[in-house]
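Q: Can you keep this structure in mind? I'll have questions shortly.
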Amino acid sequence: METLFRASSFVIRISSFKTVIGRILLVACILVFAPKSEAQIQVDLKFKRLQYIAYEPVVATLSVTNLAGRDIDLHDADGQSWLGFEITGSEGQPVTPISTESGQAPLKVAAGQRVTHQINLTPLYPVHDFGTYHVRTNVYFADLGKFFYSPTRVFEVTDARPIWEQTVGIPDGVAAPGSVRTYALLTNRFPDHTSLYVRVQDKDSGVVYATYSLGRAIAFEEPQTEIDHANQLHVLHCSAPRAWAYSRIGLNGELLAHSSFMETKTRPKLVRSGNGEVAVRGGTIESPAAQNSRGTAPKLSARPPGPPKDD
């Protein structure tokens, strides 16, 4: 009887041992195979710099790497947008999108390829309040019904120092909402340079139509400004030693013209004629090739082609 009891105990121990081993193997399989599933799409998010000016375009660069072993098609499905952002403010509060409608076109990624996609967050989310923002993007892969996430990135929104401001009316026949516009020039000091910014807004309604950089500026040289007969703003500022940048800005914040001048025997200056026309006199205008090689003039693609959506 005692021998039979010992044999039964041994069988029970063996059975329990097999159960434990089975559970360990199951957990090991989950740990081994789960990363392969999660790694089918790799998502990353980057910002060009840490600090932005309030209402300036905050452009996020999204990269999607296809590790699925086949071509994939990212598109809205199951009531989910294929691309989304999770943004929190300085105190951890969630930042909700301005509109719930998805504006992202489907994205195809070939097997083994990485594609980049740039998104301006400013018209999509209210990220114009001063403070620090934490951003994580998610990509929904409808074939698996799963989300893939990027690491969390951080940027800060601050404001620049105002140095000039002028309010003008909207001329008759001009397609622009409201009745007035306020142009403002601001400067912001970065670790290695100072930038000149322009802001166009309707203070009565609180709408900011545009805020963007006009390029680097020499701090001790005050920019020249003129308003022409159409109430458009003309700005001429020193962007480097003996180099000047000229910009013309419309009532809705459009960058209508941009060019660079070199100081030769004469220094460039803005001149307003009796009929309200404004032009640059003096200096020598640079060719586009010379501007690109010198690199002092900011790219037009870095500025909004039109006014951002009202928020």
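Naming works like this for the structure tokens: A, B, ... for the chains as they're shown, residue 1 at the start of each chain, ligands 1 onward in shown order.
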Residues near region 211-224 of chain A, anyone? I mean within 9 Å using only C-alpha atoms, not counting same-chain ones fewer than 5 positions away, as an MDAnalysis selection string.
A: chainID A and resid 53:57 163 185 187 193:201 234:241 244:247 253 258 269:270 296:299 302:304
Q: Which residues come within 7 Å of region 105-107 of chain A, counting only C-alpha atoms, excluding same-chain residues fewer than 2 positions away, as a short mmCIF file (atom, residue, chain, number, x, y, z; two decimals) with all heavy atoms, in the first residue's frame?
A:
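Contents of the output file around.cif:
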```
data_model
loop_
_atom_site.label_atom_id
_atom_site.label_comp_id
_atom_site.auth_asym_id
_atom_site.auth_seq_id
_atom_site.Cartn_x
_atom_site.Cartn_y
_atom_site.Cartn_z
N ASP A 73 -0.47 48.58 -47.41
CA ASP A 73 -1.29 49.73 -47.78
C ASP A 73 -1.93 50.26 -46.51
O ASP A 73 -2.76 49.60 -45.89
CB ASP A 73 -2.36 49.30 -48.79
CG ASP A 73 -3.21 50.48 -49.25
OD1 ASP A 73 -2.81 51.63 -48.97
OD2 ASP A 73 -4.25 50.25 -49.88
N LEU A 74 -1.51 51.44 -46.09
CA LEU A 74 -2.04 52.06 -44.88
C LEU A 74 -3.21 52.96 -45.29
O LEU A 74 -3.05 53.88 -46.09
CB LEU A 74 -0.96 52.88 -44.17
CG LEU A 74 0.26 52.07 -43.71
CD1 LEU A 74 1.31 53.00 -43.11
CD2 LEU A 74 -0.13 51.00 -42.72
N HIS A 75 -4.39 52.69 -44.73
CA HIS A 75 -5.58 53.45 -45.10
C HIS A 75 -6.55 53.43 -43.92
O HIS A 75 -6.46 52.59 -43.02
CB HIS A 75 -6.24 52.84 -46.34
CG HIS A 75 -6.63 51.40 -46.16
ND1 HIS A 75 -5.74 50.37 -46.39
CD2 HIS A 75 -7.79 50.82 -45.74
CE1 HIS A 75 -6.34 49.22 -46.14
NE2 HIS A 75 -7.58 49.46 -45.75
N GLY A 103 -7.56 63.89 -42.69
CA GLY A 103 -7.19 64.50 -43.97
C GLY A 103 -6.00 63.82 -44.61
O GLY A 103 -5.39 64.37 -45.52
N VAL A 109 3.58 51.40 -48.79
CA VAL A 109 4.99 51.23 -48.45
C VAL A 109 5.43 49.87 -48.97
O VAL A 109 4.88 48.83 -48.57
CB VAL A 109 5.22 51.31 -46.92
CG1 VAL A 109 6.73 51.32 -46.63
CG2 VAL A 109 4.56 52.55 -46.33
#
```
Q: Which residues come within 12 Å of Asn120 (chain A), counting only C-alpha atoms, excluding same-chain residues fewer than 2 positions away, as a compact mmCIF listing (two decimals) with N, CA, C and O atoms, in the first residue's frame?
A:
```
# COMPACT_ATOMS: atom_id res chain seq x y z
N PHE A 47 11.14 66.15 -34.93
CA PHE A 47 10.93 67.56 -35.16
C PHE A 47 12.27 68.20 -35.48
O PHE A 47 13.31 67.78 -34.94
N LYS A 48 12.26 69.21 -36.35
CA LYS A 48 13.50 69.82 -36.79
C LYS A 48 14.24 70.50 -35.64
O LYS A 48 15.46 70.53 -35.60
N TYR A 55 2.03 79.91 -32.97
CA TYR A 55 1.36 79.96 -34.27
C TYR A 55 2.29 79.67 -35.44
O TYR A 55 1.86 79.68 -36.59
N GLU A 56 3.55 79.42 -35.18
CA GLU A 56 4.46 79.02 -36.26
C GLU A 56 4.15 77.59 -36.69
O GLU A 56 3.73 76.77 -35.86
N PRO A 57 4.32 77.23 -37.97
CA PRO A 57 4.12 75.84 -38.37
C PRO A 57 5.04 74.90 -37.59
O PRO A 57 6.26 75.09 -37.56
N VAL A 58 4.45 73.92 -36.93
CA VAL A 58 5.21 72.87 -36.23
C VAL A 58 5.13 71.62 -37.10
O VAL A 58 4.13 70.90 -37.09
N VAL A 59 6.18 71.39 -37.87
CA VAL A 59 6.17 70.31 -38.86
C VAL A 59 6.82 69.07 -38.27
O VAL A 59 7.99 69.10 -37.88
N ALA A 60 6.04 68.00 -38.20
CA ALA A 60 6.55 66.72 -37.72
C ALA A 60 6.92 65.85 -38.92
O ALA A 60 6.18 65.79 -39.91
N THR A 61 8.06 65.19 -38.84
CA THR A 61 8.48 64.27 -39.89
C THR A 61 8.26 62.84 -39.40
O THR A 61 8.91 62.39 -38.46
N LEU A 62 7.33 62.16 -40.04
CA LEU A 62 6.99 60.78 -39.69
C LEU A 62 7.71 59.84 -40.64
O LEU A 62 7.72 60.07 -41.85
N PHE A 85 -2.29 61.17 -33.77
CA PHE A 85 -1.31 61.71 -32.85
C PHE A 85 -1.88 61.74 -31.44
O PHE A 85 -3.08 61.99 -31.24
N GLY A 103 -7.56 63.89 -42.69
CA GLY A 103 -7.19 64.50 -43.97
C GLY A 103 -6.00 63.82 -44.61
O GLY A 103 -5.39 64.37 -45.52
N GLN A 104 -5.64 62.62 -44.11
CA GLN A 104 -4.45 61.96 -44.62
C GLN A 104 -4.81 60.95 -45.71
O GLN A 104 -5.63 60.07 -45.51
N HIS A 117 6.96 61.21 -44.17
CA HIS A 117 5.72 61.95 -44.40
C HIS A 117 5.75 63.15 -43.47
O HIS A 117 5.95 62.99 -42.26
N GLN A 118 5.57 64.36 -44.00
CA GLN A 118 5.61 65.57 -43.18
C GLN A 118 4.20 66.08 -42.92
O GLN A 118 3.39 66.18 -43.85
N THR A 122 0.19 72.52 -36.61
CA THR A 122 -0.43 73.78 -36.18
C THR A 122 -1.88 73.92 -36.59
O THR A 122 -2.71 74.31 -35.77
N PRO A 123 -2.27 73.62 -37.86
CA PRO A 123 -3.69 73.74 -38.20
C PRO A 123 -4.53 72.55 -37.72
O PRO A 123 -5.76 72.61 -37.80
N LEU A 124 -3.89 71.50 -37.22
CA LEU A 124 -4.61 70.29 -36.81
C LEU A 124 -4.89 70.23 -35.32
O LEU A 124 -5.89 69.66 -34.88
N TYR A 125 -3.98 70.80 -34.52
CA TYR A 125 -4.10 70.76 -33.06
C TYR A 125 -3.83 72.15 -32.49
O TYR A 125 -3.01 72.91 -33.03
N PRO A 126 -4.49 72.52 -31.39
CA PRO A 126 -4.23 73.82 -30.75
C PRO A 126 -2.94 73.79 -29.93
O PRO A 126 -2.96 73.71 -28.70
N VAL A 127 -1.81 73.88 -30.63
CA VAL A 127 -0.51 73.82 -29.97
C VAL A 127 0.17 75.19 -29.97
O VAL A 127 1.40 75.28 -30.07
N ALA A 302 9.81 76.30 -46.55
CA ALA A 302 9.73 76.28 -45.08
C ALA A 302 8.61 77.16 -44.59
O ALA A 302 8.31 77.19 -43.39
N ARG A 303 7.94 77.90 -45.48
CA ARG A 303 6.88 78.80 -45.08
C ARG A 303 5.56 78.29 -45.63
O ARG A 303 5.52 77.59 -46.63
N PRO A 304 4.47 78.67 -44.99
CA PRO A 304 3.17 78.19 -45.48
C PRO A 304 2.83 78.81 -46.83
O PRO A 304 3.03 80.01 -47.04
N PRO A 308 -2.78 79.53 -42.65
CA PRO A 308 -3.26 78.33 -42.01
C PRO A 308 -4.74 78.45 -41.66
O PRO A 308 -5.28 79.54 -41.59
N LYS A 309 -5.38 77.30 -41.44
CA LYS A 309 -6.79 77.31 -41.12
C LYS A 309 -7.04 78.03 -39.78
O LYS A 309 -6.25 77.93 -38.87
```
Q: Find the residues around region 164-173 of chain A up to 7 Å (only C-alpha atoms counted), leave out those fewer than 6 positions away in its own chain, and share them as a PyMOL selection string.
A: chain A and resi 179-185+230-231
Q: Considering only C-alpha atoms, return as a VMD selection string whatever protein or nucleic-acid residues lie within 10 Å of Gln93 (chain A), sequence-local ones (same chain, fewer than 5 positions apart) excluded.
A: chain A and resid 87 to 88 133
Q: Which residues, written as a PDB file with all heavy atoms, in the first residue's frame, have at least one atom at most 9 Å from Phe147 (chain A), with only C-alpha atoms counted and residues fewer than 6 positions away on the same chain left out?
A:
```pdb
ATOM      1  N   GLU A  38       4.937  42.687 -33.468  1.00  0.00           N
ATOM      2  CA  GLU A  38       4.933  44.116 -33.201  1.00  0.00           C
ATOM      3  C   GLU A  38       5.881  44.864 -34.123  1.00  0.00           C
ATOM      4  O   GLU A  38       5.711  46.036 -34.374  1.00  0.00           O
ATOM      5  CB  GLU A  38       5.322  44.369 -31.736  1.00  0.00           C
ATOM      6  CG  GLU A  38       4.282  43.921 -30.729  1.00  0.00           C
ATOM      7  CD  GLU A  38       2.963  44.631 -30.895  1.00  0.00           C
ATOM      8  OE1 GLU A  38       2.974  45.815 -31.277  1.00  0.00           O
ATOM      9  OE2 GLU A  38       1.920  44.019 -30.670  1.00  0.00           O
ATOM     10  N   TRP A  82      -5.786  55.926 -40.323  1.00  0.00           N
ATOM     11  CA  TRP A  82      -4.527  55.168 -40.310  1.00  0.00           C
ATOM     12  C   TRP A  82      -3.414  55.930 -39.602  1.00  0.00           C
ATOM     13  O   TRP A  82      -2.442  55.322 -39.144  1.00  0.00           O
ATOM     14  CB  TRP A  82      -4.094  54.790 -41.723  1.00  0.00           C
ATOM     15  CG  TRP A  82      -3.513  55.897 -42.564  1.00  0.00           C
ATOM     16  CD1 TRP A  82      -4.167  56.683 -43.450  1.00  0.00           C
ATOM     17  CD2 TRP A  82      -2.141  56.339 -42.591  1.00  0.00           C
ATOM     18  NE1 TRP A  82      -3.307  57.583 -44.033  1.00  0.00           N
ATOM     19  CE2 TRP A  82      -2.058  57.390 -43.520  1.00  0.00           C
ATOM     20  CE3 TRP A  82      -0.989  55.933 -41.920  1.00  0.00           C
ATOM     21  CZ2 TRP A  82      -0.856  58.048 -43.799  1.00  0.00           C
ATOM     22  CZ3 TRP A  82       0.209  56.590 -42.190  1.00  0.00           C
ATOM     23  CH2 TRP A  82       0.266  57.640 -43.123  1.00  0.00           C
ATOM     24  N   ASN A 138       0.595  57.350 -33.840  1.00  0.00           N
ATOM     25  CA  ASN A 138       0.205  55.950 -33.996  1.00  0.00           C
ATOM     26  C   ASN A 138      -0.227  55.689 -35.430  1.00  0.00           C
ATOM     27  O   ASN A 138      -0.877  56.518 -36.055  1.00  0.00           O
ATOM     28  CB  ASN A 138      -0.909  55.575 -33.013  1.00  0.00           C
ATOM     29  CG  ASN A 138      -2.140  56.426 -33.175  1.00  0.00           C
ATOM     30  OD1 ASN A 138      -2.894  56.303 -34.138  1.00  0.00           O
ATOM     31  ND2 ASN A 138      -2.376  57.324 -32.214  1.00  0.00           N
ATOM     32  N   VAL A 139       0.156  54.528 -35.927  1.00  0.00           N
ATOM     33  CA  VAL A 139      -0.191  54.092 -37.269  1.00  0.00           C
ATOM     34  C   VAL A 139      -1.065  52.849 -37.152  1.00  0.00           C
ATOM     35  O   VAL A 139      -0.664  51.860 -36.516  1.00  0.00           O
ATOM     36  CB  VAL A 139       1.073  53.791 -38.105  1.00  0.00           C
ATOM     37  CG1 VAL A 139       0.704  53.099 -39.408  1.00  0.00           C
ATOM     38  CG2 VAL A 139       1.834  55.078 -38.384  1.00  0.00           C
ATOM     39  N   TYR A 140      -2.261  52.906 -37.743  1.00  0.00           N
ATOM     40  CA  TYR A 140      -3.184  51.774 -37.698  1.00  0.00           C
ATOM     41  C   TYR A 140      -3.029  50.936 -38.963  1.00  0.00           C
ATOM     42  O   TYR A 140      -3.189  51.431 -40.077  1.00  0.00           O
ATOM     43  CB  TYR A 140      -4.624  52.271 -37.583  1.00  0.00           C
ATOM     44  CG  TYR A 140      -5.661  51.158 -37.529  1.00  0.00           C
ATOM     45  CD1 TYR A 140      -5.726  50.323 -36.433  1.00  0.00           C
ATOM     46  CD2 TYR A 140      -6.553  50.963 -38.579  1.00  0.00           C
ATOM     47  CE1 TYR A 140      -6.667  49.293 -36.380  1.00  0.00           C
ATOM     48  CE2 TYR A 140      -7.496  49.947 -38.539  1.00  0.00           C
ATOM     49  CZ  TYR A 140      -7.545  49.112 -37.427  1.00  0.00           C
ATOM     50  OH  TYR A 140      -8.471  48.101 -37.371  1.00  0.00           O
ATOM     51  N   PHE A 141      -2.686  49.648 -38.765  1.00  0.00           N
ATOM     52  CA  PHE A 141      -2.517  48.723 -39.881  1.00  0.00           C
ATOM     53  C   PHE A 141      -3.768  47.850 -39.933  1.00  0.00           C
ATOM     54  O   PHE A 141      -3.961  46.940 -39.143  1.00  0.00           O
ATOM     55  CB  PHE A 141      -1.263  47.877 -39.676  1.00  0.00           C
ATOM     56  CG  PHE A 141      -0.901  47.001 -40.844  1.00  0.00           C
ATOM     57  CD1 PHE A 141      -1.344  47.294 -42.129  1.00  0.00           C
ATOM     58  CD2 PHE A 141      -0.095  45.897 -40.668  1.00  0.00           C
ATOM     59  CE1 PHE A 141      -1.010  46.506 -43.202  1.00  0.00           C
ATOM     60  CE2 PHE A 141       0.253  45.083 -41.742  1.00  0.00           C
ATOM     61  CZ  PHE A 141      -0.205  45.391 -43.011  1.00  0.00           C
TER      62      PHE A 141
END
```
Q: Between CA of Tyr149 (chain A) and CA of Val95 (chain A), what is the distance, to one decimal in Å?
A: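 So the answer is 17.5 Å.
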Q: Name the residues of region 3-250 of chain A that come out as strand (DSSP E or B) in a backbone DSSP run; write them as a PDB file with C-alpha atoms, in the first residue's frame.
A:
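See part14.pdb below for the written result:
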```
ATOM      1  CA  ILE A  41       5.849  48.238 -38.932  1.00  0.00           C
ATOM      2  CA  GLN A  42       8.409  50.545 -37.363  1.00  0.00           C
ATOM      3  CA  VAL A  43       7.296  54.119 -36.701  1.00  0.00           C
ATOM      4  CA  ASP A  44       9.462  57.119 -35.814  1.00  0.00           C
ATOM      5  CA  LEU A  45       8.723  60.811 -35.333  1.00  0.00           C
ATOM      6  CA  LYS A  46      11.076  63.791 -35.416  1.00  0.00           C
ATOM      7  CA  PHE A  47      10.929  67.565 -35.159  1.00  0.00           C
ATOM      8  CA  GLN A  51      11.635  75.383 -29.805  1.00  0.00           C
ATOM      9  CA  TYR A  52       8.870  76.968 -31.889  1.00  0.00           C
ATOM     10  CA  ILE A  53       7.129  80.339 -31.867  1.00  0.00           C
ATOM     11  CA  VAL A  59       6.165  70.313 -38.860  1.00  0.00           C
ATOM     12  CA  ALA A  60       6.547  66.715 -37.724  1.00  0.00           C
ATOM     13  CA  THR A  61       8.480  64.265 -39.888  1.00  0.00           C
ATOM     14  CA  LEU A  62       6.992  60.783 -39.692  1.00  0.00           C
ATOM     15  CA  SER A  63       8.921  57.776 -40.952  1.00  0.00           C
ATOM     16  CA  VAL A  64       7.318  54.374 -41.530  1.00  0.00           C
ATOM     17  CA  THR A  65       9.512  51.308 -42.126  1.00  0.00           C
ATOM     18  CA  ASN A  66       7.857  48.221 -43.613  1.00  0.00           C
ATOM     19  CA  ILE A  72       1.491  47.212 -47.266  1.00  0.00           C
ATOM     20  CA  ASP A  73      -1.292  49.729 -47.778  1.00  0.00           C
ATOM     21  CA  LEU A  74      -2.043  52.063 -44.884  1.00  0.00           C
ATOM     22  CA  ALA A  77     -10.615  51.388 -41.894  1.00  0.00           C
ATOM     23  CA  GLN A  80     -10.018  54.406 -37.504  1.00  0.00           C
ATOM     24  CA  LEU A  83      -2.533  58.052 -38.838  1.00  0.00           C
ATOM     25  CA  GLY A  84      -3.117  59.678 -35.474  1.00  0.00           C
ATOM     26  CA  PHE A  85      -1.306  61.714 -32.846  1.00  0.00           C
ATOM     27  CA  GLU A  86      -1.368  61.616 -29.062  1.00  0.00           C
ATOM     28  CA  ILE A  87      -0.394  65.056 -27.716  1.00  0.00           C
ATOM     29  CA  THR A  88      -0.240  66.168 -24.100  1.00  0.00           C
ATOM     30  CA  PRO A  94      -4.572  65.780 -23.555  1.00  0.00           C
ATOM     31  CA  LEU A 107       0.059  55.514 -47.916  1.00  0.00           C
ATOM     32  CA  LYS A 108       1.649  52.549 -49.693  1.00  0.00           C
ATOM     33  CA  VAL A 109       4.986  51.229 -48.448  1.00  0.00           C
ATOM     34  CA  ARG A 114      11.042  53.349 -45.373  1.00  0.00           C
ATOM     35  CA  VAL A 115       8.960  56.364 -46.355  1.00  0.00           C
ATOM     36  CA  THR A 116       8.797  59.789 -44.727  1.00  0.00           C
ATOM     37  CA  HIS A 117       5.722  61.951 -44.398  1.00  0.00           C
ATOM     38  CA  GLN A 118       5.605  65.574 -43.179  1.00  0.00           C
ATOM     39  CA  ILE A 119       2.599  66.901 -41.261  1.00  0.00           C
ATOM     40  CA  ASN A 120       2.059  70.450 -40.025  1.00  0.00           C
ATOM     41  CA  GLY A 131       4.540  75.411 -22.811  1.00  0.00           C
ATOM     42  CA  THR A 132       6.010  71.995 -23.504  1.00  0.00           C
ATOM     43  CA  TYR A 133       4.218  69.383 -25.617  1.00  0.00           C
ATOM     44  CA  HIS A 134       4.792  65.614 -25.710  1.00  0.00           C
ATOM     45  CA  VAL A 135       3.870  63.936 -28.991  1.00  0.00           C
ATOM     46  CA  ARG A 136       3.513  60.295 -29.984  1.00  0.00           C
ATOM     47  CA  THR A 137       2.123  59.146 -33.311  1.00  0.00           C
ATOM     48  CA  ASN A 138       0.205  55.950 -33.996  1.00  0.00           C
ATOM     49  CA  VAL A 139      -0.191  54.092 -37.269  1.00  0.00           C
ATOM     50  CA  TYR A 140      -3.184  51.774 -37.698  1.00  0.00           C
ATOM     51  CA  PHE A 141      -2.517  48.723 -39.881  1.00  0.00           C
ATOM     52  CA  LYS A 146      -3.345  46.764 -34.772  1.00  0.00           C
ATOM     53  CA  PHE A 147      -1.714  50.070 -33.861  1.00  0.00           C
ATOM     54  CA  PHE A 148       2.006  50.733 -34.077  1.00  0.00           C
ATOM     55  CA  TYR A 149       3.501  53.598 -32.074  1.00  0.00           C
ATOM     56  CA  ARG A 153       9.036  63.404 -28.812  1.00  0.00           C
ATOM     57  CA  VAL A 154       8.998  66.824 -27.154  1.00  0.00           C
ATOM     58  CA  PHE A 155       8.823  70.404 -28.419  1.00  0.00           C
ATOM     59  CA  GLU A 156       8.348  73.750 -26.702  1.00  0.00           C
ATOM     60  CA  VAL A 157       6.190  76.694 -27.754  1.00  0.00           C
ATOM     61  CA  THR A 158       7.280  80.179 -26.732  1.00  0.00           C
ATOM     62  CA  ARG A 161      10.238  89.624 -28.870  1.00  0.00           C
ATOM     63  CA  PRO A 162       8.043  92.125 -30.756  1.00  0.00           C
ATOM     64  CA  ILE A 163      10.016  94.939 -32.407  1.00  0.00           C
ATOM     65  CA  TRP A 164       7.480  96.531 -34.798  1.00  0.00           C
ATOM     66  CA  GLU A 165       3.737  96.546 -35.407  1.00  0.00           C
ATOM     67  CA  GLN A 166       1.312  98.225 -37.809  1.00  0.00           C
ATOM     68  CA  THR A 167      -2.463  97.886 -38.269  1.00  0.00           C
ATOM     69  CA  VAL A 168      -3.957  98.447 -41.732  1.00  0.00           C
ATOM     70  CA  GLY A 169      -7.402  98.216 -43.299  1.00  0.00           C
ATOM     71  CA  VAL A 180      -8.309  95.095 -40.536  1.00  0.00           C
ATOM     72  CA  ARG A 181      -4.953  93.340 -40.304  1.00  0.00           C
ATOM     73  CA  THR A 182      -2.083  93.804 -37.889  1.00  0.00           C
ATOM     74  CA  TYR A 183       1.405  93.101 -39.177  1.00  0.00           C
ATOM     75  CA  ALA A 184       4.085  92.442 -36.569  1.00  0.00           C
ATOM     76  CA  LEU A 185       7.814  91.737 -36.706  1.00  0.00           C
ATOM     77  CA  LEU A 186       9.389  89.706 -33.924  1.00  0.00           C
ATOM     78  CA  THR A 187      12.870  88.392 -33.179  1.00  0.00           C
ATOM     79  CA  ASN A 188      13.841  85.177 -31.455  1.00  0.00           C
ATOM     80  CA  ARG A 189      17.310  84.242 -30.278  1.00  0.00           C
ATOM     81  CA  THR A 194      18.743  85.222 -34.262  1.00  0.00           C
ATOM     82  CA  SER A 195      15.697  84.868 -36.535  1.00  0.00           C
ATOM     83  CA  LEU A 196      13.253  87.508 -37.732  1.00  0.00           C
ATOM     84  CA  TYR A 197       9.577  86.515 -37.728  1.00  0.00           C
ATOM     85  CA  VAL A 198       6.474  88.046 -39.262  1.00  0.00           C
ATOM     86  CA  ARG A 199       2.982  87.604 -37.825  1.00  0.00           C
ATOM     87  CA  VAL A 200      -0.285  88.588 -39.533  1.00  0.00           C
ATOM     88  CA  GLN A 201      -3.458  88.642 -37.443  1.00  0.00           C
ATOM     89  CA  ASP A 202      -6.878  90.167 -36.955  1.00  0.00           C
ATOM     90  CA  VAL A 207      -7.472  85.042 -35.708  1.00  0.00           C
ATOM     91  CA  VAL A 208      -3.765  84.615 -36.448  1.00  0.00           C
ATOM     92  CA  TYR A 209      -3.371  84.064 -40.190  1.00  0.00           C
ATOM     93  CA  ALA A 210       0.341  83.312 -40.273  1.00  0.00           C
ATOM     94  CA  THR A 211       3.519  83.310 -38.216  1.00  0.00           C
ATOM     95  CA  TYR A 212       6.773  82.274 -39.860  1.00  0.00           C
ATOM     96  CA  SER A 213      10.468  83.077 -40.070  1.00  0.00           C
ATOM     97  CA  LEU A 214      11.857  85.459 -42.669  1.00  0.00           C
ATOM     98  CA  GLY A 215      15.330  84.044 -42.018  1.00  0.00           C
ATOM     99  CA  ARG A 216      18.360  84.868 -39.946  1.00  0.00           C
ATOM    100  CA  GLN A 224      13.197  98.366 -42.781  1.00  0.00           C
ATOM    101  CA  THR A 225       9.422  98.251 -43.334  1.00  0.00           C
ATOM    102  CA  GLU A 226       7.018  99.879 -45.778  1.00  0.00           C
ATOM    103  CA  ILE A 227       3.283  99.473 -46.527  1.00  0.00           C
ATOM    104  CA  LEU A 233       3.945  94.653 -46.067  1.00  0.00           C
ATOM    105  CA  HIS A 234       7.490  95.006 -47.448  1.00  0.00           C
ATOM    106  CA  VAL A 235      10.429  94.051 -45.208  1.00  0.00           C
ATOM    107  CA  LEU A 236      14.155  94.473 -45.846  1.00  0.00           C
ATOM    108  CA  HIS A 237      16.471  93.126 -43.164  1.00  0.00           C
ATOM    109  CA  CYS A 238      20.173  92.382 -42.790  1.00  0.00           C
ATOM    110  CA  SER A 239      20.577  88.594 -42.877  1.00  0.00           C
ATOM    111  CA  ALA A 240      24.391  88.402 -42.809  1.00  0.00           C
ATOM    112  CA  ALA A 243      23.709  90.630 -47.166  1.00  0.00           C
ATOM    113  CA  TRP A 244      20.046  91.704 -47.096  1.00  0.00           C
ATOM    114  CA  ALA A 245      16.794  89.767 -47.452  1.00  0.00           C
ATOM    115  CA  TYR A 246      13.674  91.300 -48.983  1.00  0.00           C
ATOM    116  CA  SER A 247      10.150  89.929 -48.380  1.00  0.00           C
ATOM    117  CA  ARG A 248       6.653  91.004 -49.416  1.00  0.00           C
ATOM    118  CA  ILE A 249       3.751  89.702 -47.308  1.00  0.00           C
TER     119      ILE A 249
END
```
Q: So, with only C-alpha atoms as the atoms that count, which of A:Arg49, A:Gln232, A:Gly69, A:Ser150 lies closest to Pro191 (chain A)?
A: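 The shortest atom-to-atom distance to Pro191 (chain A) comes from A:Arg49.
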Q: Nearest to Thr264 (chain A) among A:Val278, A:Leu50, A:Ile285, A:Leu121, with distances taken over only C-alpha atoms: which residue is it?
A: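 Closest to Thr264 (chain A) of all the choices is A:Ile285.
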Q: So which residues of region 126-306 of chain A fall under alpha helix (DSSP H) by DSSP, listed as a PDB file with N, CA, C and O atoms, in the first residue's frame?
A:
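The resulting part10.pdb:
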```pdb
ATOM      1  N   PRO A 288      19.310  83.207 -57.978  1.00  0.00           N
ATOM      2  CA  PRO A 288      18.889  82.079 -57.136  1.00  0.00           C
ATOM      3  C   PRO A 288      20.014  81.103 -56.826  1.00  0.00           C
ATOM      4  O   PRO A 288      20.097  80.570 -55.726  1.00  0.00           O
ATOM      5  N   ALA A 289      20.916  80.859 -57.804  1.00  0.00           N
ATOM      6  CA  ALA A 289      22.018  79.924 -57.575  1.00  0.00           C
ATOM      7  C   ALA A 289      22.952  80.448 -56.495  1.00  0.00           C
ATOM      8  O   ALA A 289      23.417  79.702 -55.627  1.00  0.00           O
ATOM      9  N   ALA A 290      23.214  81.768 -56.510  1.00  0.00           N
ATOM     10  CA  ALA A 290      24.092  82.352 -55.502  1.00  0.00           C
ATOM     11  C   ALA A 290      23.446  82.305 -54.126  1.00  0.00           C
ATOM     12  O   ALA A 290      24.099  82.053 -53.118  1.00  0.00           O
ATOM     13  N   GLN A 291      22.126  82.532 -54.072  1.00  0.00           N
ATOM     14  CA  GLN A 291      21.419  82.462 -52.796  1.00  0.00           C
ATOM     15  C   GLN A 291      21.499  81.069 -52.208  1.00  0.00           C
ATOM     16  O   GLN A 291      21.736  80.892 -51.017  1.00  0.00           O
ATOM     17  N   ASN A 292      21.319  80.054 -53.055  1.00  0.00           N
ATOM     18  CA  ASN A 292      21.340  78.678 -52.568  1.00  0.00           C
ATOM     19  C   ASN A 292      22.723  78.273 -52.077  1.00  0.00           C
ATOM     20  O   ASN A 292      22.869  77.572 -51.080  1.00  0.00           O
ATOM     21  N   SER A 293      23.764  78.711 -52.787  1.00  0.00           N
ATOM     22  CA  SER A 293      25.114  78.338 -52.394  1.00  0.00           C
ATOM     23  C   SER A 293      25.520  79.020 -51.096  1.00  0.00           C
ATOM     24  O   SER A 293      26.236  78.452 -50.283  1.00  0.00           O
ATOM     25  N   ARG A 294      25.050  80.255 -50.903  1.00  0.00           N
ATOM     26  CA  ARG A 294      25.402  80.972 -49.678  1.00  0.00           C
ATOM     27  C   ARG A 294      24.556  80.496 -48.505  1.00  0.00           C
ATOM     28  O   ARG A 294      25.001  80.465 -47.361  1.00  0.00           O
TER      29      ARG A 294
END
```
Q: Find, counting only C-alpha atoms, the residue in A:Ala176, A:Phe130, A:Thr152, A:Ala142 that gets nearest to Glu254 (chain A).
A: A:Ala176
Q: Using only C-alpha atoms, find the one residue out of A:Phe261, A:Ala160, A:His229, A:Pro97 that sits nearest to Phe190 (chain A).
A: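 So, comparing all the options, the nearest one is A:Ala160.
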Q: If I take CA of Ala68 (chain A) and CA of Pro151 (chain A), how far is one from the other in Å, to one decimal?
A: 19.7 Å
Q: Record the distance separating CA of Ala111 (chain A) and CA of Leu67 (chain A), expressed in Å with one decimal.
A: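 One can read the CA of Ala111 (chain A) to CA of Leu67 (chain A) distance as 6.7 Å.
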